file query_26.txt (compact mmCIF, C-alpha atoms)
# COMPACT_ATOMS: atom_id res chain seq x y z
CA MET A 1 -29.09 4.60 -52.78
CA SER A 2 -26.43 2.98 -50.55
CA GLU A 3 -26.06 3.67 -46.82
CA THR A 4 -22.65 5.28 -47.34
CA SER A 5 -23.92 7.71 -49.95
CA PRO A 6 -23.35 11.41 -49.14
CA GLN A 7 -27.12 11.83 -49.28
CA SER A 8 -27.93 9.22 -46.63
CA PRO A 9 -29.54 10.34 -43.37
CA GLU A 10 -26.66 8.82 -41.37
CA THR A 11 -24.13 11.06 -43.09
CA ALA A 12 -26.29 14.11 -42.52
CA ASP A 13 -26.53 13.28 -38.80
CA PHE A 14 -22.75 12.88 -38.57
CA ASP A 15 -22.22 16.23 -40.28
CA THR A 16 -24.65 17.88 -37.86
CA MET A 17 -22.92 16.30 -34.86
CA THR A 18 -19.54 17.46 -36.13
CA ARG A 19 -20.78 21.02 -36.49
CA ASP A 20 -22.36 20.90 -33.04
CA ILE A 21 -19.16 19.60 -31.42
CA ALA A 22 -17.11 22.25 -33.19
CA GLU A 23 -19.15 24.92 -31.42
CA VAL A 24 -18.64 23.54 -27.91
CA PRO A 25 -15.74 25.01 -25.88
CA ALA A 26 -13.12 22.51 -24.71
CA VAL A 27 -13.82 23.29 -21.05
CA GLU A 28 -17.43 22.28 -21.53
CA VAL A 29 -16.41 19.00 -23.15
CA ILE A 30 -13.98 18.23 -20.30
CA VAL A 31 -16.58 19.03 -17.62
CA THR A 32 -19.23 16.96 -19.40
CA VAL A 33 -16.93 13.95 -19.64
CA ALA A 34 -15.98 14.36 -15.96
CA VAL A 35 -19.64 14.50 -14.90
CA ASN A 36 -20.39 11.39 -16.97
CA LEU A 37 -17.49 9.54 -15.32
CA MET A 38 -18.73 10.66 -11.88
CA SER A 39 -22.26 9.50 -12.62
CA ALA A 40 -21.11 6.13 -13.93
CA ALA A 41 -18.83 5.64 -10.90
CA ALA A 42 -21.69 6.47 -8.52
CA VAL A 43 -23.85 3.82 -10.19
CA LYS A 44 -21.07 1.23 -10.00
CA LEU A 45 -20.51 2.12 -6.33
CA GLY A 46 -24.18 1.42 -5.60
CA LEU A 47 -24.91 5.04 -4.67
CA THR A 48 -28.10 5.33 -6.73
CA GLU A 49 -31.69 4.52 -5.81
CA GLU A 50 -31.22 1.01 -7.21
CA GLY A 51 -28.40 0.53 -4.71
CA ASP A 52 -26.53 -2.73 -5.08
CA GLU A 53 -28.34 -3.76 -8.29
CA HIS A 54 -25.55 -2.30 -10.45
CA LYS A 55 -22.74 -2.33 -7.89
CA ASP A 56 -19.40 -3.43 -9.32
CA LEU A 57 -16.32 -2.21 -7.47
CA ASP A 58 -13.90 -3.31 -10.18
CA GLU A 59 -15.74 -1.14 -12.70
CA ALA A 60 -16.05 1.69 -10.17
CA ARG A 61 -12.28 1.60 -9.58
CA LYS A 62 -11.62 2.09 -13.29
CA LEU A 63 -14.07 4.97 -13.58
CA VAL A 64 -12.78 6.78 -10.49
CA HIS A 65 -9.20 6.32 -11.66
CA ALA A 66 -10.07 7.69 -15.12
CA LEU A 67 -11.84 10.67 -13.54
CA ALA A 68 -8.81 11.44 -11.38
CA GLY A 69 -6.52 11.22 -14.41
CA LEU A 70 -8.76 13.53 -16.43
CA LEU A 71 -8.93 16.10 -13.63
CA ASP A 72 -5.18 15.91 -13.05
CA ALA A 73 -4.44 16.37 -16.76
CA SER A 74 -6.89 19.24 -17.17
CA THR A 75 -6.04 21.20 -14.02
CA THR A 76 -4.38 24.00 -15.95
CA GLU A 77 -7.04 23.95 -18.66
CA ILE A 78 -10.19 24.48 -16.62
CA SER A 79 -10.84 27.24 -14.10
CA SER A 80 -11.12 26.60 -10.38
CA PHE A 81 -14.82 27.49 -10.80
CA HIS A 82 -15.20 24.22 -12.72
CA ALA A 83 -12.41 22.22 -11.09
CA ALA A 84 -13.30 22.68 -7.40
CA PRO A 85 -16.69 20.91 -7.47
CA LEU A 86 -15.26 18.16 -9.67
CA ARG A 87 -12.41 17.58 -7.20
CA ASP A 88 -14.93 17.49 -4.33
CA GLY A 89 -17.01 14.94 -6.23
CA LEU A 90 -13.92 12.85 -6.94
CA LYS A 91 -12.94 12.83 -3.26
CA SER A 92 -16.48 11.78 -2.30
CA LEU A 93 -16.32 8.91 -4.78
CA GLN A 94 -12.89 7.87 -3.49
CA LEU A 95 -14.21 7.84 0.08
CA ALA A 96 -17.31 5.91 -0.98
CA PHE A 97 -15.08 3.37 -2.72
CA ARG A 98 -12.97 2.97 0.42
CA GLU A 99 -16.13 2.49 2.49
CA ALA A 100 -17.60 -0.05 0.08
CA SER A 101 -14.43 -2.14 -0.11
CA VAL A 102 -14.36 -5.25 2.04
CA VAL A 103 -10.56 -5.00 2.13
CA PRO A 104 -9.68 -1.30 1.79
CA ASP A 105 -6.66 -0.28 -0.23
CA GLU A 106 -3.60 1.04 1.57
CA PRO A 107 -3.52 4.87 1.73
CA GLY A 108 -2.34 6.14 -1.63
CA GLN A 109 -3.29 2.91 -3.43
CA GLY A 110 -7.02 3.55 -3.90
CA PRO A 111 -8.55 4.50 -7.24
CA GLY A 112 -7.17 7.78 -8.51
CA GLU A 113 -4.90 8.28 -5.52
CA LYS A 114 -1.95 8.04 -7.89
CA TYR A 115 -3.10 11.51 -9.04
CA THR A 116 -4.67 12.96 -5.88
CA GLY A 117 -2.52 11.52 -3.15
CA PRO A 118 -3.98 9.52 -0.24
CA VAL A 119 -7.62 10.20 0.60
CA TYR A 120 -8.68 9.97 4.22
CA GLY A 121 -12.20 10.10 5.69
call {"tool": "encode", "arguments": {"input": "query_26.txt", "output": "structure tokens"}}
result
Amino acid sequence: MSETSPQSPETADFDTMTRDIAEVPAVEVIVTVAVNLMSAAAVKLGLTEEGDEHKDLDEARKLVHALAGLLDASTTEISSFHAAPLRDGLKSLQLAFREASVVPDEPGQGPGEKYTGPVYG
């Protein structure tokens, strides 16, 4: 039997994943993606127990910017119950980025500030 056969275990897993995703509300998917972006940004900012081992400010900038874009785009789609802590987390990451930068960005030019406006400490 070939790997692409409808009977293969890989196809069955894909079908199960599709059904599982279909049952998840959009708000939950958005929040999950936002939390994953926040976690990845924290790692790249060196904010984990490993500290500087995984620190990469270029990667952190991209993740924080993507998080800000996601939150900006989904503002009307998720309730303030979900959005408020995500916005707080984003601001904390933006401030951590500013602190970690040897040469800080001008106000309004930091990661995600295109969407949030300037972030001050």
call {"tool": "residues_near_point", "arguments": {"input": "query_26.txt", "point": "(-25.0, -1.2, -6.3)", "cutoff": "12 Å", "atoms": "all atoms listed in the file", "output": "number ranges by chain"}}
result
A: 40-60, 96-97, 100
call {"tool": "closest_residue", "arguments": {"input": "query_26.txt", "among": "A:Thr116, A:Thr16, A:Gln109, A:Ser101", "to": "Asp88 (chain A)", "atoms": "only C-alpha atoms"}}
result
A:Thr116
call {"tool": "atom_distance", "arguments": {"input": "query_26.txt", "atom1": "CA of Gly112 (chain A)", "atom2": "CA of Ala26 (chain A)"}}
result
22.7 Å
call {"tool": "residues_near_point", "arguments": {"input": "query_26.txt", "point": "(-20.0, 12.5, -13.0)", "cutoff": "12 Å", "atoms": "all atoms listed in the file", "output": "short mmCIF file (atom, residue, chain, number, x, y, z; two decimals) with C-alpha atoms, in the frame of the given file"}}
result
data_model
loop_
_atom_site.label_atom_id
_atom_site.label_comp_id
_atom_site.auth_asym_id
_atom_site.auth_seq_id
_atom_site.Cartn_x
_atom_site.Cartn_y
_atom_site.Cartn_z
CA ILE A 30 -13.98 18.23 -20.30
CA VAL A 31 -16.58 19.03 -17.62
CA THR A 32 -19.23 16.96 -19.40
CA VAL A 33 -16.93 13.95 -19.64
CA ALA A 34 -15.98 14.36 -15.96
CA VAL A 35 -19.64 14.50 -14.90
CA ASN A 36 -20.39 11.39 -16.97
CA LEU A 37 -17.49 9.54 -15.32
CA MET A 38 -18.73 10.66 -11.88
CA SER A 39 -22.26 9.50 -12.62
CA ALA A 40 -21.11 6.13 -13.93
CA ALA A 41 -18.83 5.64 -10.90
CA ALA A 42 -21.69 6.47 -8.52
CA VAL A 43 -23.85 3.82 -10.19
CA LYS A 44 -21.07 1.23 -10.00
CA ALA A 60 -16.05 1.69 -10.17
CA LEU A 63 -14.07 4.97 -13.58
CA VAL A 64 -12.78 6.78 -10.49
CA ALA A 66 -10.07 7.69 -15.12
CA LEU A 67 -11.84 10.67 -13.54
CA ALA A 68 -8.81 11.44 -11.38
CA LEU A 70 -8.76 13.53 -16.43
CA LEU A 71 -8.93 16.10 -13.63
CA PRO A 85 -16.69 20.91 -7.47
CA LEU A 86 -15.26 18.16 -9.67
CA ARG A 87 -12.41 17.58 -7.20
CA ASP A 88 -14.93 17.49 -4.33
CA GLY A 89 -17.01 14.94 -6.23
CA LEU A 90 -13.92 12.85 -6.94
CA SER A 92 -16.48 11.78 -2.30
CA LEU A 93 -16.32 8.91 -4.78
#
call {"tool": "closest_residue", "arguments": {"input": "query_26.txt", "among": "A:Asp72, A:Glu28, A:Glu77, A:Ala84", "to": "Lys114 (chain A)", "atoms": "only C-alpha atoms"}}
result
A:Asp72
call {"tool": "closest_residue", "arguments": {"input": "query_26.txt", "among": "A:Asp13, A:Val27, A:Ala22, A:Gly69", "to": "Phe81 (chain A)", "atoms": "all atoms listed in the file"}}
result
A:Val27
call {"tool": "decode", "arguments": {"input": "query_26.txt", "residues": "region 82-121 of chain A", "atoms": "N, CA and C atoms", "output": "compact mmCIF listing (two decimals), in the first residue's frame"}}
result
# COMPACT_ATOMS: atom_id res chain seq x y z
N HIS A 82 -10.19 38.84 25.96
CA HIS A 82 -9.03 38.18 25.36
C HIS A 82 -7.97 39.20 24.94
N ALA A 83 -8.40 40.32 24.41
CA ALA A 83 -7.47 41.28 23.81
C ALA A 83 -6.63 42.02 24.85
N ALA A 84 -7.21 42.39 25.97
CA ALA A 84 -6.49 43.21 26.96
C ALA A 84 -5.19 42.54 27.44
N PRO A 85 -5.22 41.28 27.89
CA PRO A 85 -3.96 40.68 28.33
C PRO A 85 -2.96 40.49 27.18
N LEU A 86 -3.46 40.26 25.97
CA LEU A 86 -2.55 40.13 24.83
C LEU A 86 -1.88 41.46 24.52
N ARG A 87 -2.63 42.55 24.60
CA ARG A 87 -2.04 43.88 24.37
C ARG A 87 -1.01 44.21 25.45
N ASP A 88 -1.32 43.84 26.71
CA ASP A 88 -0.36 44.06 27.79
C ASP A 88 0.93 43.27 27.54
N GLY A 89 0.77 42.02 27.12
CA GLY A 89 1.94 41.20 26.81
C GLY A 89 2.76 41.77 25.67
N LEU A 90 2.06 42.26 24.65
CA LEU A 90 2.75 42.89 23.51
C LEU A 90 3.55 44.10 23.97
N LYS A 91 2.94 44.95 24.79
CA LYS A 91 3.65 46.14 25.26
C LYS A 91 4.88 45.74 26.08
N SER A 92 4.75 44.71 26.90
CA SER A 92 5.89 44.24 27.69
C SER A 92 7.02 43.76 26.78
N LEU A 93 6.67 43.04 25.72
CA LEU A 93 7.68 42.57 24.77
C LEU A 93 8.32 43.75 24.04
N GLN A 94 7.52 44.74 23.67
CA GLN A 94 8.07 45.91 22.99
C GLN A 94 9.05 46.66 23.91
N LEU A 95 8.69 46.78 25.18
CA LEU A 95 9.58 47.45 26.13
C LEU A 95 10.85 46.63 26.35
N ALA A 96 10.71 45.31 26.43
CA ALA A 96 11.87 44.44 26.60
C ALA A 96 12.79 44.54 25.39
N PHE A 97 12.20 44.64 24.21
CA PHE A 97 13.00 44.79 22.99
C PHE A 97 13.78 46.10 23.05
N ARG A 98 13.11 47.17 23.44
CA ARG A 98 13.76 48.48 23.52
C ARG A 98 14.92 48.43 24.51
N GLU A 99 14.70 47.76 25.65
CA GLU A 99 15.73 47.63 26.67
C GLU A 99 16.92 46.80 26.18
N ALA A 100 16.63 45.76 25.42
CA ALA A 100 17.69 44.85 24.96
C ALA A 100 18.50 45.42 23.81
N SER A 101 17.96 46.40 23.12
CA SER A 101 18.64 46.96 21.95
C SER A 101 19.81 47.84 22.37
N VAL A 102 20.95 47.61 21.73
CA VAL A 102 22.12 48.44 21.98
C VAL A 102 21.86 49.85 21.48
N VAL A 103 21.25 49.94 20.31
CA VAL A 103 20.86 51.23 19.73
C VAL A 103 19.35 51.21 19.59
N PRO A 104 18.63 51.77 20.56
CA PRO A 104 17.16 51.71 20.52
C PRO A 104 16.58 52.41 19.29
N ASP A 105 15.46 51.89 18.83
CA ASP A 105 14.74 52.51 17.72
C ASP A 105 14.17 53.84 18.17
N GLU A 106 13.96 54.73 17.21
CA GLU A 106 13.26 55.98 17.49
C GLU A 106 11.84 55.65 17.93
N PRO A 107 11.23 56.47 18.78
CA PRO A 107 9.82 56.22 19.16
C PRO A 107 8.94 56.09 17.91
N GLY A 108 8.15 55.04 17.90
CA GLY A 108 7.27 54.77 16.77
C GLY A 108 7.90 53.88 15.71
N GLN A 109 9.20 53.59 15.84
CA GLN A 109 9.90 52.78 14.85
C GLN A 109 10.24 51.38 15.36
N GLY A 110 9.93 51.08 16.61
CA GLY A 110 10.22 49.77 17.18
C GLY A 110 9.30 48.71 16.60
N PRO A 111 9.55 47.46 16.94
CA PRO A 111 8.73 46.38 16.39
C PRO A 111 7.27 46.50 16.81
N GLY A 112 6.40 46.48 15.83
CA GLY A 112 4.97 46.55 16.07
C GLY A 112 4.42 47.94 16.33
N GLU A 113 5.29 48.92 16.47
CA GLU A 113 4.82 50.27 16.78
C GLU A 113 4.09 50.91 15.60
N LYS A 114 4.26 50.32 14.44
CA LYS A 114 3.47 50.74 13.27
C LYS A 114 1.98 50.55 13.57
N TYR A 115 1.67 49.52 14.38
CA TYR A 115 0.28 49.19 14.71
C TYR A 115 -0.15 49.76 16.07
N THR A 116 0.78 49.87 17.02
CA THR A 116 0.40 50.27 18.36
C THR A 116 0.67 51.73 18.66
N GLY A 117 1.49 52.37 17.84
CA GLY A 117 1.97 53.70 18.17
C GLY A 117 3.21 53.55 19.04
N PRO A 118 3.88 54.67 19.34
CA PRO A 118 5.11 54.62 20.13
C PRO A 118 4.87 53.99 21.51
N VAL A 119 5.84 53.22 21.95
CA VAL A 119 5.77 52.59 23.27
C VAL A 119 6.87 53.21 24.12
N TYR A 120 6.47 53.73 25.27
CA TYR A 120 7.42 54.34 26.20
C TYR A 120 7.43 53.57 27.50
N GLY A 121 8.58 53.56 28.17
CA GLY A 121 8.75 52.83 29.43
C GLY A 121 8.08 53.45 30.56
